[in-house]
Each structure stands twice: as structure tokens, then as C-alpha cells.
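To be precise, the following lines are work.pdb, and they hold PDB, C-alpha atoms.
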```pdb
MODEL        1
ATOM      1  CA  MET A  19      88.247 105.170 114.622
ATOM      2  CA  THR A  20      85.204 102.928 114.316
ATOM      3  CA  VAL A  21      85.679  99.602 112.552
ATOM      4  CA  LEU A  22      82.723  97.590 111.260
ATOM      5  CA  ILE A  23      83.249  93.883 110.733
ATOM      6  CA  ALA A  24      80.496  92.456 108.550
ATOM      7  CA  GLY A  25      80.561  88.719 109.121
ATOM      8  CA  CYS A  26      82.228  88.476 112.521
ATOM      9  CA  GLY A  27      83.071  84.782 112.696
ATOM     10  CA  ASP A  28      86.354  83.261 113.827
ATOM     11  CA  LEU A  29      88.594  85.300 111.524
ATOM     12  CA  GLY A  30      86.564  88.496 111.846
ATOM     13  CA  THR A  31      86.542  88.200 115.625
ATOM     14  CA  GLU A  32      90.315  87.731 115.796
ATOM     15  CA  ALA A  33      90.764  90.790 113.575
ATOM     16  CA  GLY A  34      88.262  92.712 115.702
ATOM     17  CA  LEU A  35      90.162  91.928 118.894
ATOM     18  CA  ARG A  36      93.328  93.222 117.285
ATOM     19  CA  PHE A  37      91.602  96.444 116.203
ATOM     20  CA  ALA A  38      90.222  96.848 119.732
ATOM     21  CA  PHE A  39      93.687  96.295 121.229
ATOM     22  CA  ARG A  40      94.824  99.297 119.181
ATOM     23  CA  GLY A  41      92.144 101.385 120.875
ATOM     24  CA  HIS A  42      89.546 101.415 118.102
ATOM     25  CA  ARG A  43      85.821 100.966 118.540
ATOM     26  CA  VAL A  44      84.798  97.702 116.874
ATOM     27  CA  VAL A  45      81.262  96.819 115.809
ATOM     28  CA  GLY A  46      80.674  93.217 114.801
ATOM     29  CA  TRP A  47      77.743  92.059 112.702
ATOM     30  CA  ARG A  48      76.703  88.431 112.955
ATOM     31  CA  ARG A  49      73.570  86.338 113.410
ATOM     32  CA  SER A  50      74.502  85.438 116.999
ATOM     33  CA  PRO A  51      76.187  88.540 118.464
ATOM     34  CA  ASP A  52      76.001  87.142 122.008
ATOM     35  CA  LYS A  53      78.949  84.906 121.086
ATOM     36  CA  LEU A  54      81.275  87.865 120.564
ATOM     37  CA  PRO A  55      83.823  88.889 123.215
ATOM     38  CA  ARG A  56      83.145  92.042 125.227
ATOM     39  CA  GLN A  57      85.756  94.048 123.284
ATOM     40  CA  ILE A  58      83.476  93.923 120.228
ATOM     41  CA  GLU A  59      80.047  95.581 120.121
ATOM     42  CA  GLY A  60      77.899  92.778 118.783
ATOM     43  CA  VAL A  61      74.946  93.654 116.555
ATOM     44  CA  GLU A  62      72.560  91.041 115.204
ATOM     45  CA  ALA A  63      72.662  91.067 111.417
ATOM     46  CA  ASP A  64      72.117  88.782 108.461
ATOM     47  CA  LEU A  65      74.108  90.059 105.489
ATOM     48  CA  GLY A  66      71.403  88.716 103.218
ATOM     49  CA  GLY A  67      68.666  90.798 104.844
ATOM     50  CA  THR A  68      67.989  94.369 105.927
ATOM     51  CA  LEU A  69      71.136  95.627 107.607
ATOM     52  CA  PRO A  70      71.442  97.724 110.772
ATOM     53  CA  THR A  71      72.377 101.386 110.751
ATOM     54  CA  ILE A  72      76.090 101.910 110.219
ATOM     55  CA  PRO A  73      77.843 104.251 112.693
ATOM     56  CA  GLU A  74      78.481 107.546 110.892
ATOM     57  CA  ASP A  75      82.136 107.665 111.952
ATOM     58  CA  THR A  76      82.958 104.238 110.513
ATOM     59  CA  ALA A  77      86.400 104.526 108.908
ATOM     60  CA  VAL A  78      87.025 100.872 108.065
ATOM     61  CA  VAL A  79      84.681  98.112 106.939
ATOM     62  CA  VAL A  80      85.855  94.507 106.828
ATOM     63  CA  ILE A  81      83.657  92.085 104.887
ATOM     64  CA  ALA A  82      84.591  88.646 106.211
ATOM     65  CA  THR A  83      81.593  86.575 105.278
ATOM     66  CA  ALA A  84      81.530  82.806 104.802
ATOM     67  CA  ALA A  85      79.188  80.481 102.955
ATOM     68  CA  GLY A  86      77.174  78.001 104.972
ATOM     69  CA  GLU A  87      77.904  75.209 102.499
ATOM     70  CA  ARG A  88      80.038  74.595  99.401
ATOM     71  CA  THR A  89      77.344  75.272  96.809
ATOM     72  CA  GLU A  90      77.175  77.995  94.201
ATOM     73  CA  ALA A  91      73.913  79.308  95.651
ATOM     74  CA  ALA A  92      75.308  79.529  99.185
ATOM     75  CA  TYR A  93      78.446  81.272  97.956
ATOM     76  CA  ARG A  94      76.420  83.761  95.919
ATOM     77  CA  ALA A  95      74.230  84.605  98.892
ATOM     78  CA  ALA A  96      77.219  85.072 101.203
ATOM     79  CA  TYR A  97      79.743  86.755  98.939
ATOM     80  CA  VAL A  98      77.980  88.585  96.107
ATOM     81  CA  ASP A  99      74.655  89.406  97.743
ATOM     82  CA  GLY A 100      76.260  90.053 101.132
ATOM     83  CA  THR A 101      78.845  92.441  99.684
ATOM     84  CA  ALA A 102      76.217  94.257  97.643
ATOM     85  CA  ASN A 103      74.021  94.652 100.723
ATOM     86  CA  VAL A 104      76.870  96.126 102.771
ATOM     87  CA  LEU A 105      77.657  98.618 100.002
ATOM     88  CA  ASP A 106      73.957  99.494  99.713
ATOM     89  CA  ALA A 107      73.787 100.081 103.476
ATOM     90  CA  LEU A 108      76.804 102.402 103.339
ATOM     91  CA  GLU A 109      75.102 104.434 100.611
ATOM     92  CA  ARG A 110      71.789 104.375 102.491
ATOM     93  CA  ASP A 111      73.387 105.809 105.625
ATOM     94  CA  GLY A 112      75.722 108.218 103.829
ATOM     95  CA  VAL A 113      78.832 106.642 105.322
ATOM     96  CA  GLU A 114      82.065 106.813 103.331
ATOM     97  CA  PRO A 115      84.791 104.726 104.981
ATOM     98  CA  ALA A 116      88.409 105.239 104.040
ATOM     99  CA  ARG A 117      88.796 101.512 103.399
ATOM    100  CA  ILE A 118      86.507  98.579 102.644
ATOM    101  CA  LEU A 119      88.449  95.332 102.878
ATOM    102  CA  PHE A 120      86.942  92.199 101.347
ATOM    103  CA  VAL A 121      88.314  88.864 102.544
ATOM    104  CA  SER A 122      88.641  86.723  99.429
ATOM    105  CA  SER A 123      90.357  83.468  98.543
ATOM    106  CA  THR A 124      93.192  82.253  96.350
ATOM    107  CA  ALA A 125      90.571  79.908  94.874
ATOM    108  CA  VAL A 126      90.020  82.691  92.331
ATOM    109  CA  TYR A 127      93.233  81.540  90.610
ATOM    110  CA  GLY A 128      92.114  77.987  89.963
ATOM    111  CA  ASP A 129      94.817  75.424  89.205
ATOM    112  CA  ALA A 130      98.190  76.807  88.049
ATOM    113  CA  HIS A 131      99.698  73.333  87.461
ATOM    114  CA  GLY A 132     102.425  73.962  90.005
ATOM    115  CA  GLY A 133     103.221  77.481  88.809
ATOM    116  CA  SER A 134     103.567  80.618  90.909
ATOM    117  CA  VAL A 135     100.718  83.123  91.246
ATOM    118  CA  ASP A 136     100.626  86.695  92.541
ATOM    119  CA  GLU A 137      98.417  89.770  92.206
ATOM    120  CA  GLN A 138      99.293  90.152  88.514
ATOM    121  CA  THR A 139      98.260  86.597  87.652
ATOM    122  CA  PRO A 140      94.900  86.523  85.827
ATOM    123  CA  ALA A 141      92.144  85.290  88.138
ATOM    124  CA  GLU A 142      90.583  82.398  86.236
ATOM    125  CA  PRO A 143      88.653  80.290  88.751
ATOM    126  CA  ALA A 144      88.191  76.626  87.891
ATOM    127  CA  SER A 145      85.142  76.096  90.109
ATOM    128  CA  ALA A 146      81.695  77.650  90.268
ATOM    129  CA  THR A 147      82.291  78.785  93.847
ATOM    130  CA  GLY A 148      85.603  80.367  92.857
ATOM    131  CA  ARG A 149      83.861  82.272  90.080
ATOM    132  CA  VAL A 150      81.309  83.610  92.558
ATOM    133  CA  VAL A 151      84.052  84.862  94.895
ATOM    134  CA  ARG A 152      85.742  86.533  91.933
ATOM    135  CA  GLU A 153      82.429  88.190  91.031
ATOM    136  CA  ALA A 154      82.208  89.594  94.560
ATOM    137  CA  GLU A 155      85.734  91.007  94.245
ATOM    138  CA  GLN A 156      84.836  92.719  90.995
ATOM    139  CA  LEU A 157      81.615  94.076  92.483
ATOM    140  CA  LEU A 158      83.451  95.759  95.355
ATOM    141  CA  LEU A 159      86.232  97.223  93.233
ATOM    142  CA  ALA A 160      83.755  98.528  90.644
ATOM    143  CA  ARG A 161      81.498 100.199  93.191
ATOM    144  CA  SER A 162      83.996 101.671  95.642
ATOM    145  CA  ALA A 163      87.331 103.424  95.265
ATOM    146  CA  ALA A 164      87.926 102.484  98.921
ATOM    147  CA  GLY A 165      87.797  98.769  98.126
ATOM    148  CA  VAL A 166      90.717  96.433  98.850
ATOM    149  CA  VAL A 167      90.726  92.681  98.266
ATOM    150  CA  LEU A 168      92.781  90.297 100.414
ATOM    151  CA  ARG A 169      93.043  86.836  98.834
ATOM    152  CA  LEU A 170      93.858  84.328 101.554
ATOM    153  CA  SER A 171      95.190  80.839 100.977
ATOM    154  CA  GLY A 172      94.055  77.922 103.154
ATOM    155  CA  ILE A 173      93.480  79.107 106.713
ATOM    156  CA  TYR A 174      94.530  76.851 109.578
ATOM    157  CA  GLY A 175      94.942  77.490 113.278
ATOM    158  CA  PRO A 176      93.095  76.889 116.539
ATOM    159  CA  GLY A 177      90.134  74.620 115.812
ATOM    160  CA  ARG A 178      91.076  74.388 112.135
ATOM    161  CA  THR A 179      92.790  71.031 112.258
ATOM    162  CA  ARG A 180      91.683  69.120 109.141
ATOM    163  CA  LEU A 181      95.153  67.799 108.263
ATOM    164  CA  ILE A 182      95.991  67.034 111.879
ATOM    165  CA  ASP A 183      92.749  65.097 112.200
ATOM    166  CA  GLN A 184      93.552  63.093 109.073
ATOM    167  CA  VAL A 185      96.955  62.122 110.457
ATOM    168  CA  THR A 186      95.657  61.217 113.913
ATOM    169  CA  SER A 187      92.769  59.180 112.501
ATOM    170  CA  GLY A 188      95.017  57.306 110.099
ATOM    171  CA  THR A 189      93.106  58.488 107.020
ATOM    172  CA  ALA A 190      95.822  60.796 105.653
ATOM    173  CA  VAL A 191      97.259  59.846 102.249
ATOM    174  CA  ARG A 192     100.281  61.514 100.704
ATOM    175  CA  PRO A 193      99.613  62.268  97.004
ATOM    176  CA  ALA A 194     101.578  59.996  94.694
ATOM    177  CA  GLU A 195     102.596  63.032  92.648
ATOM    178  CA  PRO A 196     103.838  66.311  94.183
ATOM    179  CA  GLN A 197     100.953  68.653  94.983
ATOM    180  CA  TRP A 198     101.756  72.243  95.895
ATOM    181  CA  THR A 199      99.710  73.686  98.747
ATOM    182  CA  ASN A 200      99.553  77.090 100.419
ATOM    183  CA  ARG A 201      98.328  78.185 103.805
ATOM    184  CA  ILE A 202      98.168  81.017 106.313
ATOM    185  CA  HIS A 203      97.691  80.806 110.067
ATOM    186  CA  ARG A 204      94.425  82.378 111.287
ATOM    187  CA  ASP A 205      96.357  84.858 113.426
ATOM    188  CA  ASP A 206      98.479  86.019 110.492
ATOM    189  CA  ALA A 207      95.350  86.348 108.353
ATOM    190  CA  ALA A 208      93.753  88.568 111.013
ATOM    191  CA  ALA A 209      96.960  90.566 111.397
ATOM    192  CA  ALA A 210      97.074  91.133 107.632
ATOM    193  CA  ILE A 211      93.511  92.470 107.698
ATOM    194  CA  VAL A 212      94.382  94.971 110.428
ATOM    195  CA  HIS A 213      97.661  95.904 108.724
ATOM    196  CA  LEU A 214      96.091  96.654 105.331
ATOM    197  CA  ALA A 215      93.153  98.493 106.883
ATOM    198  CA  SER A 216      95.533 100.700 108.847
ATOM    199  CA  LEU A 217      98.003 101.647 106.106
ATOM    200  CA  ASP A 218      98.272 105.340 105.326
ATOM    201  CA  GLY A 219      98.135 106.560 101.760
ATOM    202  CA  PRO A 220      97.225 104.682  98.594
ATOM    203  CA  VAL A 221      97.108 100.894  98.551
ATOM    204  CA  ALA A 222      96.867  98.316  95.787
ATOM    205  CA  PRO A 223      93.413  96.968  94.928
ATOM    206  CA  VAL A 224      94.443  93.336  95.550
ATOM    207  CA  TYR A 225      96.826  91.608  97.957
ATOM    208  CA  LEU A 226      97.627  87.936  98.297
ATOM    209  CA  GLY A 227      97.863  86.570 101.857
ATOM    210  CA  SER A 228      99.844  83.347 102.112
ATOM    211  CA  ASP A 229     102.838  82.336 104.202
ATOM    212  CA  LEU A 230     106.387  82.233 102.877
ATOM    213  CA  LEU A 231     106.575  78.558 102.000
ATOM    214  CA  PRO A 232     104.402  76.893  99.389
ATOM    215  CA  VAL A 233     104.923  73.214 100.106
ATOM    216  CA  ASP A 234     104.075  69.751  98.842
ATOM    217  CA  LEU A 235     101.103  68.353 100.753
ATOM    218  CA  GLY A 236     102.940  65.106 101.385
ATOM    219  CA  GLU A 237     105.701  67.007 103.194
ATOM    220  CA  VAL A 238     103.174  68.618 105.528
ATOM    221  CA  LEU A 239     101.566  65.273 106.352
ATOM    222  CA  LEU A 240     104.969  63.703 107.066
ATOM    223  CA  PHE A 241     105.865  66.646 109.325
ATOM    224  CA  LEU A 242     102.632  66.311 111.306
ATOM    225  CA  ALA A 243     103.114  62.568 111.722
ATOM    226  CA  GLN A 244     106.628  63.150 113.051
ATOM    227  CA  GLU A 245     105.468  65.879 115.451
ATOM    228  CA  LEU A 246     102.713  63.585 116.736
ATOM    229  CA  ASP A 247     105.013  60.548 116.871
ATOM    230  CA  LEU A 248     102.691  58.624 114.562
ATOM    231  CA  PRO A 249     103.425  56.347 111.571
ATOM    232  CA  GLU A 250     104.109  57.990 108.228
ATOM    233  CA  PRO A 251     100.933  58.323 106.167
ATOM    234  CA  PRO A 252     100.981  56.030 103.120
ATOM    235  CA  SER A 253     101.475  57.345  99.610
ATOM    236  CA  GLY A 254      98.709  56.805  97.079
ATOM    237  CA  GLU A 255      96.180  58.284  94.702
ATOM    238  CA  THR A 256      94.063  61.099  96.107
ATOM    239  CA  SER A 257      90.721  62.253  94.798
ATOM    240  CA  THR A 258      91.064  66.003  95.176
ATOM    241  CA  THR A 259      93.461  68.914  94.865
ATOM    242  CA  ARG A 260      91.592  71.033  97.392
ATOM    243  CA  GLY A 261      93.358  74.343  96.768
ATOM    244  CA  GLY A 262      94.540  73.851  93.219
ATOM    245  CA  ASP A 263      98.151  73.027  92.368
ATOM    246  CA  LYS A 264      99.883  76.413  92.677
ATOM    247  CA  ARG A 265     102.474  78.369  94.623
ATOM    248  CA  CYS A 266     101.222  81.629  96.130
ATOM    249  CA  ASP A 267     103.588  84.594  96.331
ATOM    250  CA  SER A 268     102.841  87.205  99.007
ATOM    251  CA  THR A 269     105.747  89.526  98.174
ATOM    252  CA  LEU A 270     103.443  92.522  97.639
ATOM    253  CA  LEU A 271     101.883  92.199 101.088
ATOM    254  CA  ARG A 272     105.304  91.892 102.706
ATOM    255  CA  SER A 273     106.538  94.944 100.781
ATOM    256  CA  THR A 274     104.077  97.060 102.795
ATOM    257  CA  GLY A 275     105.899  96.175 106.010
ATOM    258  CA  PHE A 276     103.875  93.140 107.020
ATOM    259  CA  ASP A 277     105.702  90.374 108.883
ATOM    260  CA  PHE A 278     104.392  86.856 109.450
ATOM    261  CA  THR A 279     104.346  85.495 112.985
ATOM    262  CA  PHE A 280     104.166  82.022 111.435
ATOM    263  CA  PRO A 281     106.262  82.263 108.248
ATOM    264  CA  THR A 282     105.891  78.564 107.419
ATOM    265  CA  TYR A 283     103.604  75.667 108.263
ATOM    266  CA  ARG A 284     106.174  74.348 110.737
ATOM    267  CA  GLU A 285     105.919  77.250 113.199
ATOM    268  CA  GLY A 286     102.171  77.454 112.722
ATOM    269  CA  TYR A 287     101.340  73.794 113.230
ATOM    270  CA  ARG A 288     103.678  73.541 116.213
ATOM    271  CA  SER A 289     101.695  76.378 117.793
ATOM    272  CA  VAL A 290      98.416  74.593 117.072
ATOM    273  CA  LEU A 291      99.716  71.265 118.406
ATOM    274  CA  ALA A 292     100.860  73.049 121.564
ATOM    275  CA  GLY A 293      97.278  74.219 122.112
ATOM    276  CA  ARG A 294      98.003  77.934 121.771
ATOM    277  CA  GLY A 295      95.109  80.207 120.882
ATOM    278  CA  ARG A 296      91.428  79.371 120.568
ATOM    279  CA  ARG A 297      88.829  79.363 117.838
ATOM    280  CA  HIS A 298      86.207  82.045 118.326
ATOM    281  CA  GLY A 299      82.647  80.757 118.418
TER     282      GLY A 299
ENDMDL
END
```
Mind converting the file's structure to C-alpha cells?
Amino acid sequence: MTVLIAGCGDLGTEAGLRFAFRGHRVVGWRRSPDKLPRQIEGVEADLGGTLPTIPEDTAVVVIATAAGERTEAAYRAAYVDGTANVLDALERDGVEPARILFVSSTAVYGDAHGGSVDEQTPAEPASATGRVVREAEQLLLARSAAGVVLRLSGIYGPGRTRLIDQVTSGTAVRPAEPQWTNRIHRDDAAAAIVHLASLDGPVAPVYLGSDLLPVDLGEVLLFLAQELDLPEPPSGETSTTRGGDKRCDSTLLRSTGFDFTFPTYREGYRSVLAGRGRRHG
């Protein structure tokens, strides 16, 4: 089948390589298609502008856009306007894919004050950017019966080393109070995209993609310091709860037969620290 990846950045490229490995034709839309590996047919496209012709045999569309900055306007342009433009282009070209998968974020849940969230939890974003992502979800599901939303927690992996950098630079601070965090390795996120896009039969409208172990941020920082043989980060007041204080439950995704290569942060960060994998440009 032909797979179109609209927004073929790091995550989209990793998913595209996995589709290609399965023998599928993969077309990747991005502003700089020359950066894509040879397994993906790169096409220059700006999701905010006039979009290229969509191959008529496209069976799967993955919308994996990202905002250029953390502002409401940038998020609206990337997520709401970009999704609407892709749907308009599908209608324009008379293409009806079996599945349109939108890569979303667990930011749509806001702060659950340490509670557990899953697909049945009301999406009540606490931030303006979270509300925009939620609007894009609703847009897709309202306009297409083929729509599927995958809400990913914090992505880490090759080249995504924010916490590692904090520990190595000595700027990491363990929150004085427990702060639940959730994450998914880039490779597992890409594998989940391919898995959901390839499932036969009916699927749920929303899936949550997060590894098996919600964990206190302080525990992760201590683990990284130990792995790097560095001093323990100090405990103190922190200014942000980046992902909201919640525990993400991916039981529904796993019930479809999906298995995590990196079920917890330990396996995932050890892989990153060992230099395995690469971030796609």
C-alpha cells in the first residue's frame, strides 16, 4: 500500500522507515525533502500552504506535524490548519484512505493531580496549546470516519536528551514534592503508529501511547546520574510541571497486541546513553 506521512520529521521519518521495511511505498511531505532517507519518497510541502497531489492509492495517512514554537498561533497553524489542509487535499483529489492517524499529545489531559488517565478520561487541557491540539483531534474525528488519534506522552530517544543534558550540566533539580511523569521512546512511538495504521478491522477513535511505568521525575534524574556516574541532583523547588502531574495508562493500545521495546525509562535511557539509534534530520 501507499503511505503518506504529512509532516515527516524525526518521528514521521522513523515511522516511514518502518512502513518501508514492511514493503510499503512511503511518501513523505516536509519543507526540506532532501533530508529524507532514500526509502522515503520526499515531496516538498508546507502543510499551511497548497498541498501536492496525493497518490490515488494512498491507504494510510499519518499526520505528524509539529509547531515551530510553543505559542498558540504556531500550534494552530501546525495542528488545526495543517490537519484541515490535509483533509481538504484528500477531498480535492478524491482519495479515501482506510486510516488517517493524527499524532497528538497527552497534553490534552492537562494536570490530573497525580491521578491516572486513559482514553475515557475527559480531555480538559490546561494550556492554550493543549486546547489547540484537542481542537485538531476533534476536527479530524468529526470530518473523517477513518480518523484515529494517538496521544503520545513525552518523547525521548536519540537526540532527545533534555533530562540527560540537565544532569550532565549540573542544572537538574529533583522536585521537592513527587511529580508524576510519563514518556515513550521515539522508536516505540513510531512502532505504535505503524501498528495502529496496520490493524485490520475496526479500531477505537483514540489511543494513548505511553510506556508501562509512570514515574516520579526525581527518580528518573537519580537514575540518570547513577548511570552517568555523576553526583545526585539536589532536591528543591521547580518552576514547571512540564507534562502535568498525571499517570498515563496505555492498556488499550497494548490490548491490540502492541508490545513496547522499551517498557520503562530504564531500558530506553540505557539505549540512548549507549548511543544506539540516530535522530533523523
Considering only C-alpha atoms, state which residue in the set A:Val104, A:Ile202, A:Ile118, A:Val78 is at the smallest distance from Ala163 (chain A).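 Selected residue with least distance to Ala163 (chain A): A:Ile118.
Restricting the calculation to only C-alpha atoms, the smallest distance between Ala190 (chain A) and any of A:Pro252, A:Gly67, A:Pro55, A:Gly41 is found for A:Pro252.
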Would you list the contacts of region 87-99 of chain A as an mmCIF file with C-alpha atoms, in the frame of the given file, taking every protein, DNA or RNA residue within 7 Å and counting all atoms listed in the file, but skipping same-chain residues closer than 2 positions in sequence?
```
data_model
loop_
_atom_site.group_PDB
_atom_site.id
_atom_site.type_symbol
_atom_site.label_atom_id
_atom_site.label_comp_id
_atom_site.auth_asym_id
_atom_site.auth_seq_id
_atom_site.Cartn_x
_atom_site.Cartn_y
_atom_site.Cartn_z
ATOM 1 C CA GLY A 66 71.403 88.716 103.218
ATOM 2 C CA THR A 83 81.593 86.575 105.278
ATOM 3 C CA ALA A 84 81.530 82.806 104.802
ATOM 4 C CA ALA A 85 79.188 80.481 102.955
ATOM 5 C CA THR A 101 78.845 92.441 99.684
ATOM 6 C CA ALA A 102 76.217 94.257 97.643
ATOM 7 C CA ASN A 103 74.021 94.652 100.723
ATOM 8 C CA ALA A 146 81.695 77.650 90.268
ATOM 9 C CA THR A 147 82.291 78.785 93.847
ATOM 10 C CA VAL A 150 81.309 83.610 92.558
ATOM 11 C CA VAL A 151 84.052 84.862 94.895
ATOM 12 C CA GLU A 153 82.429 88.190 91.031
ATOM 13 C CA ALA A 154 82.208 89.594 94.560
#
```
Between A:Val290, A:Leu235, A:Ala210, A:Leu170, which is the closest to Glu195 (chain A) once you count all atoms listed in the file?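 Among the listed residues, the smallest separation from Glu195 (chain A) belongs to A:Leu235.
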Do you have the CA of Leu159 (chain A)-CA of Gly262 (chain A) distance handy?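 Between these atoms lies a distance of 24.8 Å.
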Surrounding residues of Arg178 (chain A) excluding itself and chain neighbours under 6 positions, 10 Å, only C-alpha atoms, as number ranges by chain: A: 203-204, 290, 296-297
Calculated over all atoms listed in the file, which of the candidates A:Arg201, A:Arg294, A:His213, A:Arg152 has the smallest distance to Thr274 (chain A)?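 The closest residue to Thr274 (chain A) is A:His213.
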